[in-house]
>>> print(open('model_22.cif').read())   # mmCIF, C-alpha atoms and all ligand atoms
data_coords
loop_
_atom_site.label_atom_id
_atom_site.label_comp_id
_atom_site.auth_asym_id
_atom_site.auth_seq_id
_atom_site.Cartn_x
_atom_site.Cartn_y
_atom_site.Cartn_z
CA MET A 1 0.00 0.00 0.00
CA ASN A 2 1.23 3.50 -0.75
CA LEU A 3 0.04 6.95 0.18
CA GLN A 4 -1.93 7.45 -3.02
CA GLN A 5 -3.85 4.26 -2.40
CA ILE A 6 -4.70 5.37 1.12
CA TYR A 7 -6.14 8.62 -0.19
CA HIS A 8 -7.83 6.71 -2.98
CA ASN A 9 -9.57 4.40 -0.53
CA LEU A 10 -10.81 7.36 1.49
CA LYS A 11 -11.58 9.51 -1.52
CA LYS A 12 -15.38 9.47 -1.34
CA ASP A 13 -15.44 10.31 2.35
CA LEU A 14 -12.71 12.93 2.05
CA GLU A 15 -14.62 14.62 -0.76
CA GLN A 16 -17.62 14.96 1.52
CA ILE A 17 -15.39 16.41 4.20
CA GLU A 18 -14.02 18.88 1.67
CA GLU A 19 -17.56 19.93 0.79
CA ASP A 20 -18.48 20.43 4.43
CA LEU A 21 -15.30 22.42 4.96
CA SER A 22 -16.09 24.80 2.14
CA PHE A 23 -19.63 25.14 3.42
CA ALA A 24 -18.35 25.93 6.92
CA VAL A 25 -15.96 28.63 5.73
CA ASN A 26 -18.43 30.22 3.39
CA PRO A 27 -20.27 32.84 5.41
CA GLU A 28 -22.54 35.46 3.91
CA TYR A 29 -20.16 38.14 5.01
CA GLN A 30 -17.87 38.98 2.11
CA PRO A 31 -14.43 39.72 3.64
CA LEU A 32 -14.59 36.60 5.77
CA ARG A 33 -15.66 34.52 2.86
CA GLN A 34 -12.61 35.68 0.95
CA THR A 35 -10.10 35.04 3.72
CA ALA A 36 -11.54 31.66 4.61
CA THR A 37 -11.78 30.53 1.00
CA HIS A 38 -8.22 31.70 0.44
CA LEU A 39 -7.19 29.34 3.22
CA LEU A 40 -9.20 26.41 1.99
CA GLU A 41 -7.80 26.74 -1.50
CA ALA A 42 -4.26 26.53 -0.18
CA GLY A 43 -5.08 22.88 0.47
CA GLY A 44 -2.96 20.78 2.80
CA LYS A 45 -2.53 17.12 3.45
CA ARG A 46 -5.79 16.85 5.45
CA MET A 47 -3.94 14.61 7.84
CA ARG A 48 -6.32 15.14 10.72
CA PRO A 49 -9.41 14.07 8.74
CA VAL A 50 -7.49 11.04 7.49
CA PHE A 51 -6.66 10.06 11.09
CA VAL A 52 -10.28 10.53 12.15
CA LEU A 53 -11.61 8.37 9.33
CA LEU A 54 -9.08 5.58 9.70
CA SER A 55 -9.53 5.48 13.48
CA GLY A 56 -13.28 5.31 13.02
CA ARG A 57 -12.78 1.95 11.31
CA PHE A 58 -11.80 0.43 14.66
CA GLY A 59 -15.37 0.88 15.90
CA ASP A 60 -18.72 1.29 14.16
CA TYR A 61 -17.90 3.49 11.22
CA GLU A 62 -20.59 6.11 10.96
CA LEU A 63 -19.65 8.69 8.37
CA THR A 64 -21.97 11.45 9.58
CA ARG A 65 -20.38 11.57 13.01
CA LEU A 66 -16.85 11.03 11.77
CA LYS A 67 -17.27 13.86 9.28
CA GLN A 68 -18.35 16.22 12.03
CA VAL A 69 -15.23 15.40 14.02
CA ALA A 70 -12.95 15.55 10.98
CA VAL A 71 -14.31 18.88 9.76
CA SER A 72 -14.10 20.36 13.22
CA LEU A 73 -10.49 19.28 13.77
CA GLU A 74 -9.38 20.46 10.34
CA LEU A 75 -11.03 23.83 11.00
CA ILE A 76 -9.24 24.08 14.33
CA HIS A 77 -6.00 23.30 12.58
CA MET A 78 -6.70 26.04 10.02
CA ALA A 79 -7.61 28.54 12.75
CA THR A 80 -4.39 27.85 14.62
CA LEU A 81 -2.38 28.43 11.44
CA VAL A 82 -4.03 31.80 10.80
CA HIS A 83 -3.25 32.89 14.35
CA ASP A 84 0.19 31.33 14.22
CA ASP A 85 1.11 33.33 11.13
CA VAL A 86 0.20 36.54 12.95
CA ILE A 87 2.35 35.59 15.92
CA ASP A 88 5.22 34.41 13.71
CA ASP A 89 4.82 37.32 11.30
CA ALA A 90 4.83 34.84 8.41
CA GLN A 91 4.29 36.11 4.88
CA THR A 92 3.75 32.82 3.07
CA ARG A 93 2.32 29.40 3.83
CA ARG A 94 1.85 26.49 1.45
CA GLY A 95 3.28 28.73 -1.25
CA ARG A 96 0.62 31.41 -0.83
CA LEU A 97 0.38 34.69 0.99
CA THR A 98 -0.86 34.26 4.54
CA VAL A 99 -4.10 35.94 5.59
CA LYS A 100 -2.12 38.40 7.68
CA ALA A 101 0.02 39.32 4.67
CA LYS A 102 -2.79 39.53 2.14
CA TRP A 103 -5.14 41.40 4.49
CA ASP A 104 -3.72 42.38 7.88
CA ASN A 105 -3.28 41.16 11.44
CA ARG A 106 -6.65 42.37 12.62
CA ILE A 107 -8.53 40.59 9.86
CA ALA A 108 -6.41 37.48 10.45
CA MET A 109 -7.20 37.36 14.17
CA TYR A 110 -10.93 37.49 13.56
CA THR A 111 -10.74 35.08 10.67
CA GLY A 112 -9.03 32.63 13.04
CA ASP A 113 -11.64 33.24 15.73
CA PHE A 114 -14.44 32.81 13.23
CA ILE A 115 -13.07 29.53 11.96
CA LEU A 116 -12.54 28.31 15.52
CA ALA A 117 -16.18 29.10 16.32
CA GLN A 118 -17.27 27.24 13.19
CA ALA A 119 -15.27 24.27 14.38
CA LEU A 120 -17.09 24.35 17.70
CA ALA A 121 -20.46 24.65 15.99
CA GLU A 122 -19.63 21.61 13.92
CA ILE A 123 -18.57 19.41 16.82
CA ALA A 124 -21.55 20.60 18.89
CA LYS A 125 -23.59 18.19 16.77
CA ILE A 126 -22.00 15.40 18.78
CA GLU A 127 -23.63 14.76 22.11
CA GLN A 128 -20.85 12.97 23.97
CA ALA A 129 -19.59 15.30 26.72
CA GLU A 130 -16.25 13.49 26.72
CA VAL A 131 -15.57 14.68 23.18
CA HIS A 132 -16.00 18.31 24.19
CA ARG A 133 -13.91 17.89 27.30
CA ILE A 134 -11.06 16.44 25.30
CA LEU A 135 -11.25 19.10 22.64
CA SER A 136 -11.36 22.10 24.95
CA THR A 137 -8.54 20.81 27.14
CA SER A 138 -6.41 20.24 24.07
CA ILE A 139 -6.98 23.75 22.73
CA MET A 140 -6.01 25.17 26.12
CA ARG A 141 -2.83 23.13 26.12
CA MET A 142 -2.01 24.26 22.57
CA CYS A 143 -2.27 27.87 23.73
CA LEU A 144 0.00 27.13 26.69
CA GLY A 145 2.54 25.63 24.32
CA GLU A 146 2.55 28.74 22.17
CA ILE A 147 3.02 30.97 25.21
CA ASP A 148 5.92 28.79 26.38
CA GLN A 149 7.44 29.10 22.95
CA ILE A 150 7.28 32.89 23.11
CA GLU A 151 8.93 32.87 26.51
CA ASP A 152 11.70 30.62 25.24
CA LEU A 153 12.49 32.65 22.12
CA TYR A 154 16.23 33.28 21.75
CA ASN A 155 16.83 31.23 24.89
CA GLY A 156 19.84 29.05 24.14
CA ASP A 157 19.65 27.18 27.46
CA GLN A 158 16.76 24.90 26.92
CA HIS A 159 16.30 21.35 28.01
CA LEU A 160 15.30 18.65 25.60
CA ARG A 161 12.29 18.19 27.90
CA GLN A 162 11.09 21.75 27.28
CA TYR A 163 11.41 21.36 23.55
CA LEU A 164 9.56 18.05 23.55
CA ARG A 165 6.73 19.47 25.62
CA ARG A 166 6.42 22.37 23.23
CA ILE A 167 6.18 20.24 20.10
CA LYS A 168 3.76 17.94 21.87
CA ARG A 169 1.45 20.84 22.51
CA LYS A 170 1.82 22.56 19.18
CA THR A 171 1.50 19.51 16.96
CA ALA A 172 1.26 16.09 18.53
CA LEU A 173 -1.82 16.75 20.66
CA LEU A 174 -4.11 17.62 17.77
CA MET A 175 -2.98 14.53 15.85
CA ALA A 176 -3.42 12.37 18.94
CA ILE A 177 -6.97 13.56 19.54
CA SER A 178 -7.83 13.17 15.86
CA CYS A 179 -7.25 9.46 16.31
CA GLN A 180 -8.77 9.39 19.78
CA LEU A 181 -11.98 11.22 18.88
CA GLY A 182 -12.45 9.26 15.66
CA ALA A 183 -12.34 6.10 17.76
CA ILE A 184 -14.49 7.46 20.58
CA VAL A 185 -17.38 8.61 18.39
CA SER A 186 -17.30 5.18 16.76
CA GLY A 187 -17.66 3.47 20.11
CA ALA A 188 -14.31 1.68 19.90
CA LYS A 189 -13.11 -0.23 22.98
CA PRO A 190 -11.19 1.87 25.55
CA GLU A 191 -7.90 0.03 24.98
CA ILE A 192 -8.18 0.65 21.25
CA VAL A 193 -8.90 4.32 21.89
CA ARG A 194 -5.77 4.49 24.05
CA ASP A 195 -3.56 2.84 21.48
CA LEU A 196 -4.83 5.10 18.71
CA TYR A 197 -4.26 8.17 20.88
CA ALA A 198 -0.71 7.03 21.57
CA TYR A 199 -0.13 6.32 17.88
CA GLY A 200 -1.30 9.84 16.97
CA TYR A 201 0.86 11.35 19.66
CA TYR A 202 4.01 9.53 18.55
CA VAL A 203 3.34 10.29 14.90
CA GLY A 204 2.77 13.94 15.78
CA MET A 205 6.09 14.10 17.61
CA ALA A 206 7.87 12.47 14.65
CA PHE A 207 6.09 14.89 12.33
CA GLN A 208 7.19 18.02 14.18
CA LEU A 209 10.75 16.74 14.54
CA THR A 210 10.99 16.29 10.77
CA ASP A 211 9.25 19.64 10.30
CA ASP A 212 11.96 21.28 12.36
CA VAL A 213 14.63 19.54 10.30
CA LEU A 214 12.98 20.58 7.04
CA ASP A 215 12.94 24.16 8.21
CA ILE A 216 16.73 23.95 8.22
CA VAL A 217 17.52 21.73 5.24
CA GLY A 218 14.47 22.31 3.03
CA GLU A 219 14.19 24.50 -0.02
CA GLU A 220 11.75 27.38 -0.14
CA ARG A 221 10.32 26.07 -3.39
CA VAL A 222 9.27 22.83 -1.73
CA LEU A 223 8.46 24.16 1.74
CA GLY A 224 6.20 26.94 0.51
CA LYS A 225 7.97 29.30 2.93
CA PRO A 226 11.59 30.41 3.39
CA ALA A 227 14.06 28.01 4.99
CA GLY A 228 15.36 29.11 8.37
CA SER A 229 12.01 30.59 9.42
CA ASP A 230 12.27 29.16 12.94
CA LEU A 231 15.72 30.62 13.52
CA LEU A 232 14.63 33.96 12.12
CA GLN A 233 11.80 34.01 14.64
CA GLY A 234 14.15 33.04 17.47
CA ASN A 235 12.51 29.66 17.84
CA ILE A 236 15.24 27.26 18.97
CA THR A 237 14.48 23.85 17.56
CA LEU A 238 16.31 20.64 18.37
CA PRO A 239 18.95 20.75 15.60
CA VAL A 240 20.00 24.19 16.82
CA SER A 241 20.05 23.36 20.51
CA TYR A 242 21.97 20.19 19.69
CA THR A 243 24.62 22.34 18.03
CA LEU A 244 24.64 24.63 21.06
CA HIS A 245 25.45 21.64 23.24
CA HIS A 246 27.66 19.54 20.98
CA GLY A 247 29.14 21.90 18.41
CA ASP A 248 32.76 23.05 18.60
CA ALA A 249 33.62 26.29 20.35
CA ALA A 250 33.39 28.43 17.21
CA GLU A 251 30.03 26.97 16.24
CA LYS A 252 28.58 27.51 19.69
CA LYS A 253 29.89 31.05 19.80
CA MET A 254 28.36 31.95 16.49
CA ILE A 255 24.92 30.78 17.57
CA ARG A 256 25.22 32.43 21.00
CA ASN A 257 26.09 35.73 19.32
CA TYR A 258 23.11 35.45 17.10
CA LEU A 259 20.79 34.78 20.03
CA GLN A 260 22.30 37.60 22.10
CA SER A 261 21.79 40.08 19.29
CA ARG A 262 18.25 38.69 19.06
CA GLY A 263 18.62 37.61 15.50
CA GLU A 264 20.84 39.48 13.09
CA VAL A 265 19.20 38.41 9.83
CA SER A 266 22.44 38.49 7.86
CA GLN A 267 23.86 35.68 10.05
CA VAL A 268 21.07 33.22 9.45
CA GLU A 269 22.46 31.57 6.31
CA GLN A 270 25.79 30.96 7.98
CA ILE A 271 24.18 29.54 11.09
CA LEU A 272 22.05 27.23 9.02
CA ASP A 273 25.24 25.90 7.43
CA VAL A 274 26.81 25.37 10.82
CA VAL A 275 23.76 23.53 12.12
CA ARG A 276 23.66 21.36 9.00
CA GLN A 277 27.27 20.32 9.58
CA ALA A 278 27.26 19.84 13.34
CA GLY A 279 25.25 16.62 13.44
CA GLY A 280 22.02 18.05 14.86
CA ILE A 281 20.06 17.06 11.78
CA GLU A 282 21.04 13.41 12.11
CA TYR A 283 20.37 13.50 15.83
CA THR A 284 16.90 14.98 15.34
CA LEU A 285 16.00 12.59 12.54
CA ASP A 286 17.13 9.72 14.69
CA LEU A 287 14.84 10.83 17.49
CA SER A 288 12.06 11.18 14.96
CA LYS A 289 12.65 7.56 13.93
CA GLN A 290 12.43 6.49 17.54
CA TYR A 291 9.00 8.08 17.79
CA LEU A 292 8.05 6.41 14.53
CA GLN A 293 9.09 3.10 16.06
CA LYS A 294 6.90 3.72 19.10
CA ALA A 295 3.98 4.60 16.87
CA GLN A 296 4.43 1.33 15.00
CA GLU A 297 4.56 -0.64 18.23
CA ARG A 298 1.22 0.83 19.24
CA LEU A 299 -0.22 -0.21 15.91
CA ASP A 300 0.98 -3.77 16.50
CA ARG A 301 -1.46 -3.96 19.39
CA LEU A 302 -4.45 -3.09 17.22
CA PRO A 303 -6.49 -5.69 15.34
CA ASP A 304 -4.95 -6.55 12.00
CA SER A 305 -6.74 -4.61 9.25
CA SER A 306 -6.09 -2.58 6.14
CA GLU A 307 -6.70 0.60 8.16
CA ARG A 308 -3.96 -0.40 10.54
CA GLU A 309 -1.60 -0.80 7.58
CA SER A 310 -2.68 2.59 6.24
CA LEU A 311 -1.76 4.18 9.56
CA ARG A 312 1.58 2.40 9.36
CA MET A 313 2.27 3.83 5.90
CA ILE A 314 1.33 7.34 6.97
CA ALA A 315 3.72 7.15 9.91
CA GLU A 316 6.54 6.08 7.64
CA PHE A 317 5.77 8.75 5.10
CA ILE A 318 5.89 11.43 7.77
CA VAL A 319 9.45 10.64 8.70
CA ARG A 320 10.63 10.32 5.10
CA ARG A 321 8.80 13.32 3.64
CA SER A 322 10.46 16.37 2.17
CA TYR A 323 7.56 18.83 2.50
C1 LIG B 401 2.44 25.94 14.30
O1 LIG B 401 3.75 25.96 14.70
C2 LIG B 401 1.62 26.24 15.50
C3 LIG B 401 0.64 25.49 15.94
C4 LIG B 401 -0.11 25.72 17.18
C5 LIG B 401 -0.82 27.02 17.17
C6 LIG B 401 -1.66 27.15 18.33
C7 LIG B 401 -2.38 28.25 18.62
C8 LIG B 401 -3.22 28.31 19.82
P1 LIG B 401 4.88 26.58 13.75
P2 LIG B 401 4.69 26.52 10.90
C9 LIG B 401 -2.28 29.43 17.74
C10 LIG B 401 -4.63 27.78 19.62
C11 LIG B 401 -5.43 28.68 18.76
C12 LIG B 401 -6.65 28.37 18.24
C13 LIG B 401 -7.38 27.12 18.57
C14 LIG B 401 -7.30 29.30 17.31
O2 LIG B 401 6.16 25.91 14.08
O3 LIG B 401 6.10 26.14 10.68
O4 LIG B 401 4.85 28.05 13.84
O5 LIG B 401 3.73 25.72 10.07
O6 LIG B 401 4.39 26.02 12.38
O7 LIG B 401 4.43 28.00 10.90
MG MG B 402 4.58 29.47 12.32
MG MG B 403 4.55 29.33 15.51
MG MG B 404 7.70 24.76 11.49
MG MG B 405 4.49 23.35 9.63
#
>>> encode(input="model_22.cif", output="structure tokens")
Amino acid sequence: MNLQQIYHNLKKDLEQIEEDLSFAVNPEYQPLRQTATHLLEAGGKRMRPVFVLLSGRFGDYELTRLKQVAVSLELIHMATLVHDDVIDDAQTRRGRLTVKAKWDNRIAMYTGDFILAQALAEIAKIEQAEVHRILSTSIMRMCLGEIDQIEDLYNGDQHLRQYLRRIKRKTALLMAISCQLGAIVSGAKPEIVRDLYAYGYYVGMAFQLTDDVLDIVGEERVLGKPAGSDLLQGNITLPVSYTLHHGDAAEKKMIRNYLQSRGEVSQVEQILDVVRQAGGIEYTLDLSKQYLQKAQERLDRLPDSSERESLRMIAEFIVRRSY
């Protein structure tokens, strides 16, 4: 099985999700309709809906309910990106201008809020209190992660623990609950729900670790945004903090200088080269593979099925991807 086949198998259901998404972001009010449609057209891998649908197969697959969860989670993901681009002052995403760049920060904040509210309206159709508890707690934790990240900007003395907690909150949680909620609304057994949650969490960690590597080694053309964005924002990712701990004296000094001057843009290219050479990329990718391994072990505990193999493929793709 390959990735195309996975999408092919889910095509009919994903198309319905796409329809519901465009319906949800299509308000009467003209400026919002433009910003939201702009976002939707930028596309994306729709990973969260895919996780919801595949996880739903481990219980009683009921498309109506699964769609509501999938649409809601994808909308939340979109809302976080609109807000994130304001905070990160990002001009492009997925090769297009961000809402904040095309309109402005104020419009972007309310577009994000609007989409978040749409997400809540969508999931309100589900009557299980547990679902709402899980979702709201996760959004709170995502916000905490972003605040932590702001406080740690340009801070060269960070523990691996801090970094891991941050990427858990910013990425892994939403993937974990995509699997968890897909299974819960399908009435899957508690142990299956737990394994799927853990799978989503490990895959999310692996995903963000590779994302942080790609930010350093990727090309703008493929990434849809400039390489080195994290460093430019002062966000110290694992390859950089690895270099701060294990690089030679000159390498460490160069990065320290950059952080002390709070990001002299002209130094970024050189620092990227240093980080690429100092072994932090290999170290981070290796950690990403360890999370991949854990994700696979969780899958081993699930009943053998084609959905389980699809989840396996997705996990592998995430670590090998280049975009
Ligand atoms: C992307 O991280 C950030 C994701 C989490 C954002 C969470 C927010 C709080 P990056 P890229 C904004 C919750 C807000 C809601 C629910 C509206 O590393 O590289 O900046 O894709 O990602 O910019
Ligand atoms: Mg960002
Ligand atoms: Mg950010
Ligand atoms: Mg990133
Ligand atoms: Mg990203």
>>> residues_near_ligand(input="model_22.cif", ligand="ligand MG 404 (chain B)", cutoff="7 Å", atoms="all atoms listed in the file", output="list in words")
Asp211, Asp212, Asp215 and Asp230 of chain A
>>> residues_near_ligand(input="model_22.cif", ligand="ligand MG 403 (chain B)", cutoff="12 Å", atoms="all atoms listed in the file", output="PyMOL selection string")
chain A and resi 80-90+93+142-143+145-150+153+166-167+169-171+208+211-212+229-237
>>> closest_residue(input="model_22.cif", among="A:Leu39, A:Ile192, A:Ala227, A:Ile216", to="Lys102 (chain A)", atoms="all atoms listed in the file")
A:Leu39
>>> atom_distance(input="model_22.cif", atom1="atom O1 of ligand LIG 401 (chain B)", atom2="CA of Asp248 (chain A)")
29.4 Å
>>> atom_distance(input="model_22.cif", atom1="CA of Glu316 (chain A)", atom2="atom O4 of ligand LIG 401 (chain B)")
22.9 Å
>>> closest_residue(input="model_22.cif", among="A:Ser178, A:Gln118, A:Asn9, A:Asn155", to="Leu73 (chain A)", atoms="only C-alpha atoms")
A:Ser178
>>> decode(input="model_22.cif", residues="region 187-201 of chain A", atoms="N, CA and C atoms", output="compact mmCIF listing (two decimals), in the first residue's frame")
# COMPACT_ATOMS: atom_id res chain seq x y z
N GLY A 187 -17.42 4.45 19.05
CA GLY A 187 -17.66 3.47 20.11
C GLY A 187 -16.62 2.37 20.19
N ALA A 188 -15.38 2.69 19.81
CA ALA A 188 -14.31 1.68 19.90
C ALA A 188 -14.01 1.37 21.36
N LYS A 189 -13.45 0.18 21.61
CA LYS A 189 -13.11 -0.23 22.98
C LYS A 189 -12.05 0.71 23.58
N PRO A 190 -12.13 0.93 24.91
CA PRO A 190 -11.19 1.87 25.55
C PRO A 190 -9.72 1.57 25.25
N GLU A 191 -9.33 0.29 25.22
CA GLU A 191 -7.90 0.03 24.98
C GLU A 191 -7.50 0.40 23.56
N ILE A 192 -8.45 0.26 22.64
CA ILE A 192 -8.18 0.65 21.25
C ILE A 192 -8.07 2.17 21.16
N VAL A 193 -8.96 2.85 21.86
CA VAL A 193 -8.90 4.32 21.89
C VAL A 193 -7.53 4.77 22.40
N ARG A 194 -7.07 4.12 23.46
CA ARG A 194 -5.77 4.49 24.05
C ARG A 194 -4.62 4.26 23.09
N ASP A 195 -4.64 3.13 22.42
CA ASP A 195 -3.56 2.84 21.48
C ASP A 195 -3.56 3.82 20.30
N LEU A 196 -4.75 4.16 19.83
CA LEU A 196 -4.83 5.10 18.71
C LEU A 196 -4.37 6.49 19.14
N TYR A 197 -4.74 6.88 20.36
CA TYR A 197 -4.26 8.17 20.88
C TYR A 197 -2.73 8.17 20.91
N ALA A 198 -2.17 7.11 21.45
CA ALA A 198 -0.71 7.03 21.57
C ALA A 198 -0.06 7.04 20.18
N TYR A 199 -0.64 6.31 19.26
CA TYR A 199 -0.13 6.32 17.88
C TYR A 199 -0.10 7.76 17.34
N GLY A 200 -1.21 8.47 17.48
CA GLY A 200 -1.30 9.84 16.97
C GLY A 200 -0.29 10.76 17.64
N TYR A 201 -0.11 10.54 18.93
CA TYR A 201 0.86 11.35 19.66
C TYR A 201 2.28 11.10 19.14
